[in-house]
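Data file: final.cif. Format and content: mmCIF, C-alpha atoms and all ligand atoms.
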data_target
loop_
_atom_site.label_atom_id
_atom_site.label_comp_id
_atom_site.auth_asym_id
_atom_site.auth_seq_id
_atom_site.Cartn_x
_atom_site.Cartn_y
_atom_site.Cartn_z
CA MET A 275 10.81 -7.93 -3.96
CA ARG A 276 14.39 -7.65 -2.71
CA VAL A 277 14.93 -4.10 -1.40
CA LEU A 278 18.19 -2.73 -0.03
CA ILE A 279 17.99 0.43 2.10
CA VAL A 280 21.39 2.10 2.45
CA GLY A 281 21.38 4.15 5.67
CA GLY A 282 19.40 3.52 8.85
CA GLY A 283 18.72 7.18 9.66
CA ILE A 284 15.43 9.00 9.58
CA ALA A 285 14.39 8.25 5.99
CA GLY A 286 15.82 4.72 5.99
CA LEU A 287 14.12 3.60 9.20
CA THR A 288 10.81 5.20 8.17
CA LEU A 289 10.90 3.34 4.86
CA ALA A 290 11.94 0.09 6.54
CA ALA A 291 9.09 0.33 9.06
CA LYS A 292 6.52 1.07 6.35
CA LEU A 293 7.72 -1.82 4.16
CA ARG A 294 7.65 -4.15 7.16
CA GLN A 295 4.00 -3.18 7.68
CA GLN A 296 3.38 -4.42 4.15
CA GLY A 297 4.87 -7.79 5.08
CA ARG A 298 8.11 -7.11 3.24
CA ALA A 299 11.58 -7.66 4.64
CA PRO A 300 13.97 -5.05 3.27
CA VAL A 301 17.68 -5.34 4.00
CA VAL A 302 18.81 -2.26 5.95
CA ILE A 303 22.49 -1.39 6.22
CA GLU A 304 23.87 1.29 8.53
CA LYS A 305 27.42 2.59 8.54
CA ALA A 306 27.57 3.29 12.28
CA ALA A 307 28.62 0.33 14.41
CA GLU A 308 25.84 1.10 16.90
CA TYR A 309 23.16 3.70 17.56
CA ARG A 310 24.43 6.06 20.22
CA ASP A 311 22.88 8.98 22.05
CA VAL A 312 24.68 11.56 19.98
CA GLY A 313 23.28 14.24 17.78
CA TYR A 314 21.07 17.21 18.03
CA GLY A 315 17.52 18.50 18.36
CA ILE A 316 15.00 18.01 15.60
CA GLY A 317 11.91 20.08 14.92
CA LEU A 318 9.19 17.91 13.42
CA TYR A 319 6.38 19.52 11.52
CA PRO A 320 3.15 17.56 11.12
CA LEU A 321 4.40 17.06 7.55
CA GLY A 322 6.70 14.38 9.00
CA SER A 323 5.23 13.52 12.39
CA CYS A 324 1.94 12.45 10.75
CA VAL A 325 3.78 9.40 9.40
CA LEU A 326 4.11 8.16 12.99
CA HIS A 327 0.31 7.84 13.18
CA GLY A 328 0.38 5.26 10.40
CA LEU A 329 3.24 3.42 12.10
CA GLY A 330 1.29 3.23 15.36
CA VAL A 331 3.96 5.07 17.36
CA TYR A 332 2.65 8.65 17.50
CA GLY A 333 2.03 8.15 21.23
CA ARG A 334 5.79 7.73 21.70
CA LEU A 335 6.26 11.22 20.24
CA LEU A 336 3.99 12.60 22.98
CA GLU A 337 6.25 10.91 25.55
CA CYS A 338 9.62 11.89 24.06
CA GLY A 339 8.85 15.22 22.42
CA LEU A 340 7.90 18.69 23.43
CA GLU A 341 5.26 20.77 21.70
CA VAL A 342 6.54 24.14 20.51
CA LYS A 343 4.01 26.79 21.52
CA ARG A 344 5.77 29.99 20.55
CA TYR A 345 8.38 31.04 17.99
CA GLU A 346 10.20 34.35 18.44
CA ILE A 347 12.70 36.31 16.38
CA ALA A 348 14.81 38.94 18.16
CA ASP A 349 17.35 41.37 16.73
CA HIS A 350 21.08 41.83 17.46
CA SER A 351 20.36 43.65 20.72
CA GLY A 352 17.82 41.12 22.00
CA GLU A 353 14.69 43.11 21.19
CA VAL A 354 11.90 40.72 20.15
CA LEU A 355 10.68 41.66 16.68
CA GLN A 356 8.24 38.80 16.14
CA SER A 357 6.36 36.60 18.55
CA LEU A 358 4.25 33.97 16.94
CA ASP A 359 1.71 31.74 18.64
CA MET A 360 2.40 28.48 16.79
CA SER A 361 -1.19 27.35 17.14
CA ASP A 362 -2.21 30.19 14.79
CA LEU A 363 -0.31 28.26 12.13
CA THR A 364 -0.66 24.67 13.16
CA ASN A 365 -4.27 24.47 14.42
CA GLU A 366 -5.54 22.83 11.28
CA ILE A 367 -2.58 20.57 10.62
CA GLY A 368 -1.34 19.42 14.03
CA PRO A 369 1.36 20.60 16.43
CA MET A 370 5.06 21.18 15.87
CA TRP A 371 7.28 18.93 17.99
CA MET A 372 10.87 19.15 19.17
CA LEU A 373 12.79 16.09 20.23
CA SER A 374 16.33 14.82 20.18
CA ARG A 375 17.49 13.00 17.05
CA SER A 376 18.29 9.92 19.12
CA ALA A 377 14.74 9.86 20.54
CA LEU A 378 13.29 9.99 17.02
CA ILE A 379 15.65 7.23 15.87
CA ASP A 380 14.54 5.11 18.86
CA ILE A 381 10.87 5.62 17.96
CA LEU A 382 11.49 4.63 14.35
CA ARG A 383 13.53 1.60 15.39
CA GLU A 384 10.65 0.56 17.61
CA ALA A 385 8.37 0.82 14.56
CA CYS A 386 10.77 -1.49 12.70
CA GLY A 387 10.10 -4.21 15.31
CA ASP A 388 12.23 -7.29 14.80
CA LEU A 389 13.52 -6.23 11.38
CA PRO A 390 17.30 -6.70 11.53
CA ILE A 391 19.59 -3.78 10.77
CA ARG A 392 23.07 -4.67 9.59
CA MET A 393 25.22 -2.29 11.63
CA GLY A 394 28.74 -1.29 10.60
CA THR A 395 27.87 -2.10 6.99
CA THR A 396 28.32 -0.07 3.82
CA ALA A 397 27.98 -0.78 0.12
CA SER A 398 31.41 -0.62 -1.51
CA ARG A 399 30.07 -1.12 -5.05
CA ILE A 400 26.65 -0.67 -6.62
CA GLN A 401 26.15 -1.88 -10.18
CA GLN A 402 22.99 -1.90 -12.29
CA LYS A 403 22.60 -5.25 -14.08
CA GLY A 404 19.51 -5.03 -16.29
CA GLU A 405 16.54 -5.84 -14.05
CA THR A 406 18.60 -6.06 -10.86
CA VAL A 407 21.28 -4.20 -8.94
CA GLY A 408 24.41 -5.97 -7.76
CA VAL A 409 25.83 -4.74 -4.46
CA ARG A 410 29.17 -5.55 -2.87
CA PHE A 411 29.31 -4.88 0.88
CA ASN A 412 32.30 -3.77 2.91
CA ASP A 413 32.81 -7.32 4.22
CA GLY A 414 33.39 -8.48 0.61
CA THR A 415 30.06 -10.35 0.21
CA GLU A 416 27.79 -9.65 -2.76
CA GLU A 417 23.99 -9.72 -3.18
CA GLU A 418 21.46 -8.81 -5.85
CA PHE A 419 18.43 -6.59 -5.31
CA ASP A 420 15.39 -5.46 -7.30
CA LEU A 421 15.72 -2.00 -5.79
CA VAL A 422 18.37 -0.02 -3.91
CA VAL A 423 17.18 3.01 -1.93
CA SER A 424 19.83 5.53 -1.01
CA CYS A 425 18.95 6.93 2.43
CA ASP A 426 22.54 7.72 3.44
CA GLY A 427 22.04 11.41 4.08
CA ILE A 428 23.52 14.68 2.87
CA HIS A 429 27.00 13.18 2.28
CA SER A 430 25.55 10.15 0.47
CA LEU A 431 28.21 8.00 -1.20
CA THR A 432 25.51 6.11 -3.08
CA ARG A 433 24.40 9.37 -4.67
CA GLN A 434 27.95 10.29 -5.57
CA GLU A 435 28.68 6.86 -7.05
CA VAL A 436 25.47 6.43 -9.05
CA PHE A 437 24.22 9.99 -9.72
CA GLY A 438 27.14 12.40 -9.29
CA PRO A 439 27.60 15.26 -6.85
CA GLY A 440 24.46 17.36 -7.45
CA GLU A 441 24.05 21.09 -7.00
CA LYS A 442 25.32 22.54 -3.73
CA PHE A 443 23.99 25.79 -2.28
CA ASP A 444 26.52 27.11 0.22
CA SER A 445 25.45 30.03 2.41
CA GLY A 446 29.11 30.58 3.40
CA TRP A 447 28.18 30.31 7.08
CA THR A 448 28.92 27.71 9.73
CA CYS A 449 26.81 27.11 12.82
CA TRP A 450 28.08 25.48 15.99
CA THR A 451 25.63 23.55 18.16
CA TRP A 452 25.68 22.21 21.69
CA TRP A 453 23.31 20.95 24.37
CA GLY A 454 22.60 23.06 27.44
CA GLY A 455 20.22 23.09 30.36
CA GLY A 456 16.54 23.71 29.67
CA GLU A 457 16.05 26.25 32.46
CA LEU A 458 17.37 29.41 30.80
CA PHE A 459 14.34 30.00 28.56
CA ASP A 460 10.64 29.21 28.62
CA PRO A 461 10.59 25.47 27.78
CA GLU A 462 7.95 25.79 25.06
CA LEU A 463 9.64 28.68 23.28
CA VAL A 464 11.89 28.62 20.23
CA ARG A 465 13.80 31.92 20.22
CA GLU A 466 16.18 33.00 17.48
CA TYR A 467 18.35 36.12 17.41
CA TRP A 468 19.00 37.28 13.87
CA GLY A 469 22.14 39.34 14.26
CA ARG A 470 24.08 41.33 11.72
CA GLY A 471 26.96 39.02 10.84
CA TRP A 472 25.98 36.38 13.41
CA PHE A 473 23.07 34.14 14.46
CA PHE A 474 21.97 32.57 17.75
CA GLY A 475 19.08 30.20 18.46
CA GLY A 476 17.77 28.06 21.31
CA TYR A 477 15.59 24.99 20.62
CA PRO A 478 13.94 23.09 23.46
CA VAL A 479 13.51 19.34 23.81
CA PRO A 480 12.31 17.74 27.06
CA ASP A 481 14.73 18.65 29.89
CA ARG A 482 17.36 20.34 27.74
CA ARG A 483 17.88 22.80 24.93
CA MET A 484 19.93 22.73 21.75
CA TYR A 485 21.81 25.95 21.18
CA CYS A 486 23.10 27.01 17.82
CA ALA A 487 25.37 29.96 17.05
CA GLY A 488 26.46 30.92 13.55
CA LEU A 489 29.01 33.13 11.84
CA PRO A 490 30.22 33.65 8.28
CA THR A 491 32.82 30.90 8.05
CA THR A 492 35.60 33.30 7.04
CA THR A 493 35.25 35.02 10.42
CA VAL A 494 37.08 32.06 11.98
CA GLY A 495 39.17 31.03 8.94
CA ASP A 496 37.39 27.83 7.98
CA ARG A 497 34.86 25.45 9.47
CA HIS A 498 37.61 23.31 10.99
CA ALA A 499 38.78 26.27 13.09
CA ALA A 500 39.99 25.40 16.59
CA GLU A 501 37.30 25.57 19.26
CA ASP A 502 38.96 28.39 21.21
CA VAL A 503 39.09 30.49 18.02
CA VAL A 504 35.35 29.91 17.51
CA ARG A 505 34.53 30.69 21.14
CA ASP A 506 36.52 33.95 21.00
CA ALA A 507 34.81 34.97 17.74
CA LEU A 508 31.36 34.22 19.14
CA ALA A 509 32.11 36.14 22.34
CA THR A 510 33.24 39.17 20.32
CA HIS A 511 30.42 39.17 17.77
CA LEU A 512 27.65 38.49 20.25
CA SER A 513 28.94 40.89 22.92
CA GLU A 514 26.10 43.43 22.57
CA LEU A 515 23.51 40.66 22.90
CA THR A 516 25.21 38.91 25.81
CA GLY A 517 25.47 42.29 27.56
CA ASN A 518 21.69 42.65 27.29
CA ASP A 519 20.52 39.07 27.67
CA ALA A 520 21.86 37.07 30.61
CA ALA A 521 20.29 33.81 29.36
CA VAL A 522 22.24 33.95 26.08
CA ALA A 523 25.44 34.88 27.94
CA GLU A 524 24.99 31.90 30.26
CA ALA A 525 24.17 29.52 27.41
CA LEU A 526 27.31 30.57 25.50
CA ALA A 527 29.55 30.42 28.54
CA GLY A 528 28.24 26.95 29.41
CA ALA A 529 28.81 25.40 26.00
CA PRO A 530 30.65 22.13 26.76
CA GLU A 531 31.83 21.35 23.23
CA LEU A 532 30.88 22.73 19.86
CA PHE A 533 29.66 20.65 16.93
CA ALA A 534 30.47 22.43 13.63
CA TRP A 535 27.69 22.39 11.11
CA PRO A 536 28.38 23.95 7.68
CA MET A 537 25.34 25.72 6.30
CA TYR A 538 24.93 24.22 2.84
CA ASP A 539 22.41 22.01 1.12
CA VAL A 540 22.40 19.70 -1.92
CA ARG A 541 19.84 19.47 -4.69
CA MET A 542 19.50 16.65 -7.21
CA GLU A 543 17.54 17.24 -10.40
CA HIS A 544 16.44 13.59 -10.52
CA TRP A 545 16.09 10.87 -7.92
CA ILE A 546 15.99 7.80 -10.15
CA GLU A 547 18.78 6.01 -11.98
CA GLY A 548 17.62 2.60 -13.17
CA ARG A 549 16.70 0.68 -10.02
CA VAL A 550 18.52 2.99 -7.62
CA VAL A 551 16.50 5.80 -6.02
CA LEU A 552 17.31 8.66 -3.67
CA CYS A 553 15.23 9.37 -0.56
CA GLY A 554 15.64 11.97 2.20
CA ASP A 555 18.72 14.19 2.39
CA SER A 556 20.57 12.11 -0.21
CA GLY A 557 18.14 13.41 -2.85
CA MET A 558 17.37 16.84 -1.41
CA ALA A 559 19.25 18.05 1.64
CA PHE A 560 18.12 21.12 3.54
CA LEU A 561 19.50 24.16 5.24
CA PRO A 562 18.05 23.92 8.75
CA THR A 563 16.55 27.41 8.49
CA ALA A 564 12.97 26.21 8.19
CA GLY A 565 13.43 22.96 10.16
CA VAL A 566 11.87 20.69 7.54
CA GLY A 567 14.65 18.27 6.49
CA ALA A 568 13.61 15.43 8.77
CA SER A 569 9.91 15.99 8.08
CA ASN A 570 10.48 15.78 4.33
CA ALA A 571 12.67 12.70 4.75
CA MET A 572 9.88 10.92 6.65
CA ARG A 573 7.10 11.99 4.34
CA SER A 574 9.08 11.05 1.21
CA ALA A 575 9.98 7.64 2.66
CA ALA A 576 6.31 7.02 3.47
CA ALA A 577 5.29 8.05 -0.06
CA LEU A 578 7.90 5.74 -1.59
CA ALA A 579 6.67 2.85 0.55
CA ASP A 580 3.12 3.61 -0.54
CA GLU A 581 4.02 3.47 -4.23
CA LEU A 582 5.96 0.24 -3.67
CA SER A 583 2.92 -1.27 -1.94
CA ARG A 584 1.25 -1.44 -5.36
CA ALA A 585 4.26 -2.96 -7.15
CA ASP A 586 6.11 -6.23 -7.55
CA ALA A 587 9.73 -6.55 -8.66
CA GLN A 588 8.79 -6.02 -12.29
CA LEU A 589 6.86 -2.81 -11.56
CA VAL A 590 9.60 -1.16 -9.49
CA PRO A 591 10.49 1.36 -12.26
CA LEU A 592 6.87 2.55 -12.46
CA ALA A 593 6.61 2.85 -8.65
CA LEU A 594 9.79 4.94 -8.64
CA GLU A 595 8.49 7.20 -11.38
CA LEU A 596 5.25 7.76 -9.45
CA TYR A 597 7.19 8.44 -6.24
CA GLU A 598 9.30 11.11 -7.92
CA LYS A 599 6.27 12.72 -9.56
CA ARG A 600 4.44 12.71 -6.26
CA CYS A 601 7.14 14.19 -4.04
CA TYR A 602 9.81 16.02 -6.00
CA LYS A 603 8.06 19.36 -6.60
CA LEU A 604 6.90 19.79 -3.01
CA VAL A 605 10.23 18.77 -1.48
CA LYS A 606 12.08 21.14 -3.82
CA ALA A 607 9.67 23.97 -2.91
CA ASN A 608 10.32 23.36 0.81
CA GLN A 609 14.06 23.38 0.11
CA GLN A 610 13.70 26.64 -1.79
CA ASP A 611 11.82 28.17 1.17
CA SER A 612 14.66 27.08 3.46
CA ARG A 613 17.15 28.83 1.15
CA THR A 614 15.04 32.00 1.20
CA ALA A 615 14.86 31.91 5.00
CA GLY A 616 18.65 31.37 5.03
CA ARG A 617 19.21 34.49 2.96
CA MET A 618 17.23 36.48 5.56
CA MET A 619 18.88 34.92 8.61
CA PHE A 620 22.47 34.79 7.47
CA LEU A 621 23.08 38.45 6.65
CA ASN A 622 26.52 39.92 6.80
CA SER A 623 25.99 43.55 5.99
CA PRO A 624 24.85 45.83 8.86
CA ALA A 625 22.83 47.93 6.39
CA LEU A 626 20.96 44.94 4.98
CA GLY A 627 20.51 43.64 8.52
CA TRP A 628 18.95 46.95 9.56
CA GLY A 629 16.56 46.79 6.56
CA ARG A 630 15.60 43.21 7.35
CA ASP A 631 14.88 44.13 10.98
CA GLN A 632 12.55 46.93 9.87
CA LEU A 633 10.76 44.42 7.66
CA LEU A 634 10.51 41.93 10.51
CA LYS A 635 8.83 44.53 12.70
CA HIS A 636 6.02 44.88 10.19
CA MET A 637 5.60 41.53 8.47
CA SER A 638 4.49 38.38 10.20
CA ALA A 639 6.99 35.54 10.74
CA SER A 640 4.26 33.30 9.42
CA SER A 641 5.02 34.63 5.95
CA PHE A 642 8.45 32.88 6.13
CA ILE A 643 7.00 29.49 6.90
CA GLY A 644 3.59 30.09 5.33
CA ASN A 645 4.51 28.16 2.18
CA ILE A 646 5.70 25.22 4.23
CA ILE A 647 2.45 25.17 6.19
CA LYS A 648 0.55 25.44 2.90
CA SER A 649 2.49 22.49 1.47
CA MET A 650 1.08 20.35 4.28
CA LYS A 651 -2.35 20.78 2.76
CA GLU A 652 -1.17 19.47 -0.60
CA PRO A 653 -1.37 15.78 -1.53
CA PHE A 654 2.08 14.26 -0.99
C1 LIG B 1 22.47 19.95 13.94
C2 LIG B 1 21.30 19.57 13.05
C3 LIG B 1 20.03 20.01 13.38
C4 LIG B 1 18.94 19.69 12.57
N1 LIG B 1 17.72 20.15 12.92
C5 LIG B 1 16.66 19.80 12.18
C6 LIG B 1 15.35 20.23 12.55
O1 LIG B 1 15.15 20.94 13.53
N2 LIG B 1 14.31 19.84 11.78
C7 LIG B 1 14.48 19.04 10.69
O2 LIG B 1 13.48 18.69 10.05
N3 LIG B 1 15.71 18.64 10.31
C8 LIG B 1 16.80 18.99 11.02
N4 LIG B 1 18.03 18.59 10.63
C9 LIG B 1 18.16 17.84 9.36
C10 LIG B 1 17.74 16.40 9.53
O3 LIG B 1 18.51 15.80 10.53
C11 LIG B 1 17.91 15.69 8.21
O4 LIG B 1 17.17 16.36 7.21
C12 LIG B 1 17.41 14.26 8.32
O5 LIG B 1 18.17 13.57 9.27
C13 LIG B 1 17.49 13.56 6.97
O6 LIG B 1 17.23 12.19 7.13
P1 LIG B 1 18.02 11.14 6.25
O7 LIG B 1 17.54 9.82 6.68
O8 LIG B 1 17.95 11.51 4.83
O9 LIG B 1 19.54 11.30 6.66
P2 LIG B 1 20.19 10.97 8.07
O10 LIG B 1 19.18 11.06 9.15
O11 LIG B 1 21.43 11.78 8.15
O12 LIG B 1 20.56 9.43 7.98
C14 LIG B 1 21.56 8.96 7.14
C15 LIG B 1 22.03 7.62 7.74
O13 LIG B 1 22.85 6.95 6.80
C16 LIG B 1 24.00 6.45 7.44
N5 LIG B 1 25.05 6.36 6.43
C17 LIG B 1 25.78 7.37 5.90
N6 LIG B 1 26.59 6.90 4.93
C18 LIG B 1 26.34 5.57 4.84
C19 LIG B 1 26.85 4.53 4.01
N7 LIG B 1 27.79 4.78 3.10
N8 LIG B 1 26.36 3.29 4.18
C20 LIG B 1 25.42 3.01 5.13
N9 LIG B 1 24.91 3.97 5.94
C21 LIG B 1 25.36 5.22 5.78
C22 LIG B 1 24.28 7.47 8.53
O14 LIG B 1 25.08 6.92 9.57
C23 LIG B 1 22.86 7.80 9.00
O15 LIG B 1 22.41 6.91 9.99
C24 LIG B 1 19.14 18.90 11.40
C25 LIG B 1 20.41 18.43 11.06
C26 LIG B 1 21.49 18.76 11.87
C27 LIG B 1 22.88 18.25 11.51
#

Here is the file; what I need is its structure written in the form of structure tokens.
Amino acid sequence: MRVLIVGGGIAGLTLAAKLRQQGRAPVVIEKAAEYRDVGYGIGLYPLGSCVLHGLGVYGRLLECGLEVKRYEIADHSGEVLQSLDMSDLTNEIGPMWMLSRSALIDILREACGDLPIRMGTTASRIQQKGETVGVRFNDGTEEEFDLVVSCDGIHSLTRQEVFGPGEKFDSGWTCWTWWGGGELFDPELVREYWGRGWFFGGYPVPDRRMYCAGLPTTTVGDRHAAEDVVRDALATHLSELTGNDAAVAEALAGAPELFAWPMYDVRMEHWIEGRVVLCGDSGMAFLPTAGVGASNAMRSAAALADELSRADAQLVPLALELYEKRCYKLVKANQQDSRTAGRMMFLNSPALGWGRDQLLKHMSASSFIGNIIKSMKEPF
């Protein structure tokens, strides 16, 4: 079976590693010229990290990751409203890990062994031809495949070319992220501050911490606003918090450069078009509010590989149908939960923010991620 995987990110490398285990040799193309240590921190629920067991590289996660022990939500003034012992939630399903994206990519590349990845390569044309798919690459060469898997992420060109744009849910907010030192907070703590018209969070990985600060995008004009405009806006909006919490003030002041991250997701109603299939963010991208995008990408890729393990070239359409039936509902439910969490986090109105804070004092944070935890006990 000739399989093309477009995108060597989290879903693409997971799928490639699983297919290699089956003795198959998919072609993997990756737009970037090389893998570099750029990116951000990733929270991995057991929903996704469990796939590393099957790939024989879970031990590498223990070396490169950090187990999150506590999750806290504080209000605009820094008062902690919720403090959740993660083991209360994850005891039965396995721990929640934080690691840098580049560390996770390295682990997955290791699982791919000697499978070549064609770097600096994109598909400039994808055309269904009956039982095969013809692909023209950016170097002008052409090849035919029995299956093309689009793993090229939230901005997927494959999706746009073959399926159309999909439904976009835009929260109207932008977050800016940066790396800072790990010493300002307890290293095993994820702490978020749900402000009124702003957001701030700190996410640990070994030896450093990813910080993330958000505002309604109109506060700074648009998401391409100049960095000094963003810094001024953050300083103004977070002034009450930074006055009360020296760690946040120091983290903000020490931000070396800000990476703008628009808070929207994309939903596709279907993942299959002939012999082209969507996997990971290209089929269902996530707001980061529940931290499950990467986990779903890995789990979906593993499920797709599993269905393909029982198929030959002729049976690809059936394997794809089974994959979609198996994963779609659960992935969409996780995405919906992320949207709901986003509506709670990204609140503009002081009155609504006050109401939400009262609610947070009395209801457990586990109710926000309870559905996601529950989904880990469902067959996937
Ligand atoms: C700042 C930030 C923080 C995040 N935090 C979390 C978190 O805590 N927990 C979590 O679960 N998720 C998190 N996510 C989301 C998570 O990163 C994604 O859900 C996950 O990476 C999806 O995997 P993917 O393989 O579908 O896409 P990606 O990992 O984005 O991979 C897509 C790959 O395709 C390549 N590509 C793109 N276009 C082409 C093309 N035309 N041809 C060939 N290759 C192409 C890209 O270079 C990339 O390597 C975060 C995302 C961001 C931006």

Contacts between ligand LIG 1 (chain B) and chain A, please, where a residue of chain A counts if it comes within 8 Å (with all atoms listed in the file); show its shortest atom pair and distance in Å to one decimal, rows by chain and ascending number, as a Markdown table.
| residue | atom | partner | partner_atom | distance |
| --- | --- | --- | --- | --- |
| A:Val280 | CA | B:LIG1 | C20 | 4.9 |
| A:Gly281 | CA | B:LIG1 | O13 | 3.4 |
| A:Gly282 | CA | B:LIG1 | O15 | 4.7 |
| A:Gly283 | CA | B:LIG1 | O12 | 3.4 |
| A:Ile284 | CA | B:LIG1 | O7 | 3.7 |
| A:Ala285 | CA | B:LIG1 | O7 | 3.6 |
| A:Gly286 | CA | B:LIG1 | O7 | 5.4 |
| A:Leu287 | CA | B:LIG1 | O7 | 7.5 |
| A:Ile303 | CA | B:LIG1 | C20 | 5.4 |
| A:Glu304 | CA | B:LIG1 | N9 | 3.9 |
| A:Lys305 | CA | B:LIG1 | N9 | 3.9 |
| A:Ala306 | CA | B:LIG1 | O14 | 5.2 |
| A:Gly313 | CA | B:LIG1 | C1 | 6.9 |
| A:Tyr314 | CA | B:LIG1 | C1 | 5.1 |
| A:Gly315 | CA | B:LIG1 | N1 | 5.7 |
| A:Ile316 | CA | B:LIG1 | O1 | 3.6 |
| A:Gly317 | CA | B:LIG1 | O1 | 3.6 |
| A:Leu318 | CA | B:LIG1 | O2 | 5.5 |
| A:Tyr319 | CA | B:LIG1 | O2 | 7.3 |
| A:Met372 | CA | B:LIG1 | O1 | 7.3 |
| A:Arg375 | CA | B:LIG1 | O3 | 7.2 |
| A:Gly394 | CA | B:LIG1 | C20 | 7.7 |
| A:Thr395 | CA | B:LIG1 | C20 | 6.0 |
| A:Thr396 | CA | B:LIG1 | N8 | 3.9 |
| A:Ala397 | CA | B:LIG1 | N8 | 6.0 |
| A:Ser398 | CA | B:LIG1 | N7 | 8.0 |
| A:Cys425 | CA | B:LIG1 | O8 | 5.3 |
| A:Asp426 | CA | B:LIG1 | O13 | 3.5 |
| A:Gly427 | CA | B:LIG1 | O9 | 3.6 |
| A:Ile428 | CA | B:LIG1 | O11 | 6.4 |
| A:His429 | CA | B:LIG1 | N6 | 6.8 |
| A:Ser430 | CA | B:LIG1 | N6 | 5.6 |
| A:Leu431 | CA | B:LIG1 | N7 | 5.4 |
| A:Thr432 | CA | B:LIG1 | N7 | 6.7 |
| A:Thr451 | CA | B:LIG1 | C1 | 6.4 |
| A:Phe533 | CA | B:LIG1 | C1 | 7.8 |
| A:Trp535 | CA | B:LIG1 | C27 | 6.4 |
| A:Cys553 | CA | B:LIG1 | O8 | 6.4 |
| A:Gly554 | CA | B:LIG1 | O8 | 3.5 |
| A:Asp555 | CA | B:LIG1 | O8 | 3.7 |
| A:Ser556 | CA | B:LIG1 | O8 | 5.7 |
| A:Gly557 | CA | B:LIG1 | O8 | 7.9 |
| A:Ala559 | CA | B:LIG1 | O4 | 6.2 |
| A:Phe560 | CA | B:LIG1 | O4 | 6.1 |
| A:Leu561 | CA | B:LIG1 | C9 | 7.7 |
| A:Pro562 | CA | B:LIG1 | C5 | 5.5 |
| A:Ala564 | CA | B:LIG1 | N2 | 7.4 |
| A:Gly565 | CA | B:LIG1 | N2 | 3.6 |
| A:Val566 | CA | B:LIG1 | O2 | 3.6 |
| A:Gly567 | CA | B:LIG1 | O4 | 3.2 |
| A:Ala568 | CA | B:LIG1 | O2 | 3.5 |
| A:Ser569 | CA | B:LIG1 | O2 | 4.9 |
| A:Asn570 | CA | B:LIG1 | O2 | 7.1 |
| A:Ala571 | CA | B:LIG1 | O6 | 5.2 |
| A:Met572 | CA | B:LIG1 | O6 | 7.5 |

Kindly save the residues from that selection, with C-alpha atoms included, as a compact mmCIF listing (two decimals), keeping the file's coordinate frame.
# COMPACT_ATOMS: atom_id res chain seq x y z
CA VAL A 280 21.39 2.10 2.45
CA GLY A 281 21.38 4.15 5.67
CA GLY A 282 19.40 3.52 8.85
CA GLY A 283 18.72 7.18 9.66
CA ILE A 284 15.43 9.00 9.58
CA ALA A 285 14.39 8.25 5.99
CA GLY A 286 15.82 4.72 5.99
CA LEU A 287 14.12 3.60 9.20
CA ILE A 303 22.49 -1.39 6.22
CA GLU A 304 23.87 1.29 8.53
CA LYS A 305 27.42 2.59 8.54
CA ALA A 306 27.57 3.29 12.28
CA GLY A 313 23.28 14.24 17.78
CA TYR A 314 21.07 17.21 18.03
CA GLY A 315 17.52 18.50 18.36
CA ILE A 316 15.00 18.01 15.60
CA GLY A 317 11.91 20.08 14.92
CA LEU A 318 9.19 17.91 13.42
CA TYR A 319 6.38 19.52 11.52
CA MET A 372 10.87 19.15 19.17
CA ARG A 375 17.49 13.00 17.05
CA GLY A 394 28.74 -1.29 10.60
CA THR A 395 27.87 -2.10 6.99
CA THR A 396 28.32 -0.07 3.82
CA ALA A 397 27.98 -0.78 0.12
CA SER A 398 31.41 -0.62 -1.51
CA CYS A 425 18.95 6.93 2.43
CA ASP A 426 22.54 7.72 3.44
CA GLY A 427 22.04 11.41 4.08
CA ILE A 428 23.52 14.68 2.87
CA HIS A 429 27.00 13.18 2.28
CA SER A 430 25.55 10.15 0.47
CA LEU A 431 28.21 8.00 -1.20
CA THR A 432 25.51 6.11 -3.08
CA THR A 451 25.63 23.55 18.16
CA PHE A 533 29.66 20.65 16.93
CA TRP A 535 27.69 22.39 11.11
CA CYS A 553 15.23 9.37 -0.56
CA GLY A 554 15.64 11.97 2.20
CA ASP A 555 18.72 14.19 2.39
CA SER A 556 20.57 12.11 -0.21
CA GLY A 557 18.14 13.41 -2.85
CA ALA A 559 19.25 18.05 1.64
CA PHE A 560 18.12 21.12 3.54
CA LEU A 561 19.50 24.16 5.24
CA PRO A 562 18.05 23.92 8.75
CA ALA A 564 12.97 26.21 8.19
CA GLY A 565 13.43 22.96 10.16
CA VAL A 566 11.87 20.69 7.54
CA GLY A 567 14.65 18.27 6.49
CA ALA A 568 13.61 15.43 8.77
CA SER A 569 9.91 15.99 8.08
CA ASN A 570 10.48 15.78 4.33
CA ALA A 571 12.67 12.70 4.75
CA MET A 572 9.88 10.92 6.65

Any idea what the distance is between atom CA of Glu384 of chain A and atom CA of Arg298 of chain A?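 Separating atom CA of Glu384 of chain A from atom CA of Arg298 of chain A is a distance of 16.5 Å.
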
List the spatial neighbours of Ala525 of chain A as a compact mmCIF listing (two decimals) with C-alpha atoms, in the frame of the given file - criterion: any atom at most 9 Å away, all atoms listed in the file, same-chain residues fewer than 2 positions off excluded.
# COMPACT_ATOMS: atom_id res chain seq x y z
CA GLY A 454 22.60 23.06 27.44
CA GLY A 455 20.22 23.09 30.36
CA LEU A 458 17.37 29.41 30.80
CA GLY A 476 17.77 28.06 21.31
CA TYR A 485 21.81 25.95 21.18
CA ALA A 520 21.86 37.07 30.61
CA ALA A 521 20.29 33.81 29.36
CA VAL A 522 22.24 33.95 26.08
CA ALA A 523 25.44 34.88 27.94
CA ALA A 527 29.55 30.42 28.54
CA GLY A 528 28.24 26.95 29.41
CA ALA A 529 28.81 25.40 26.00
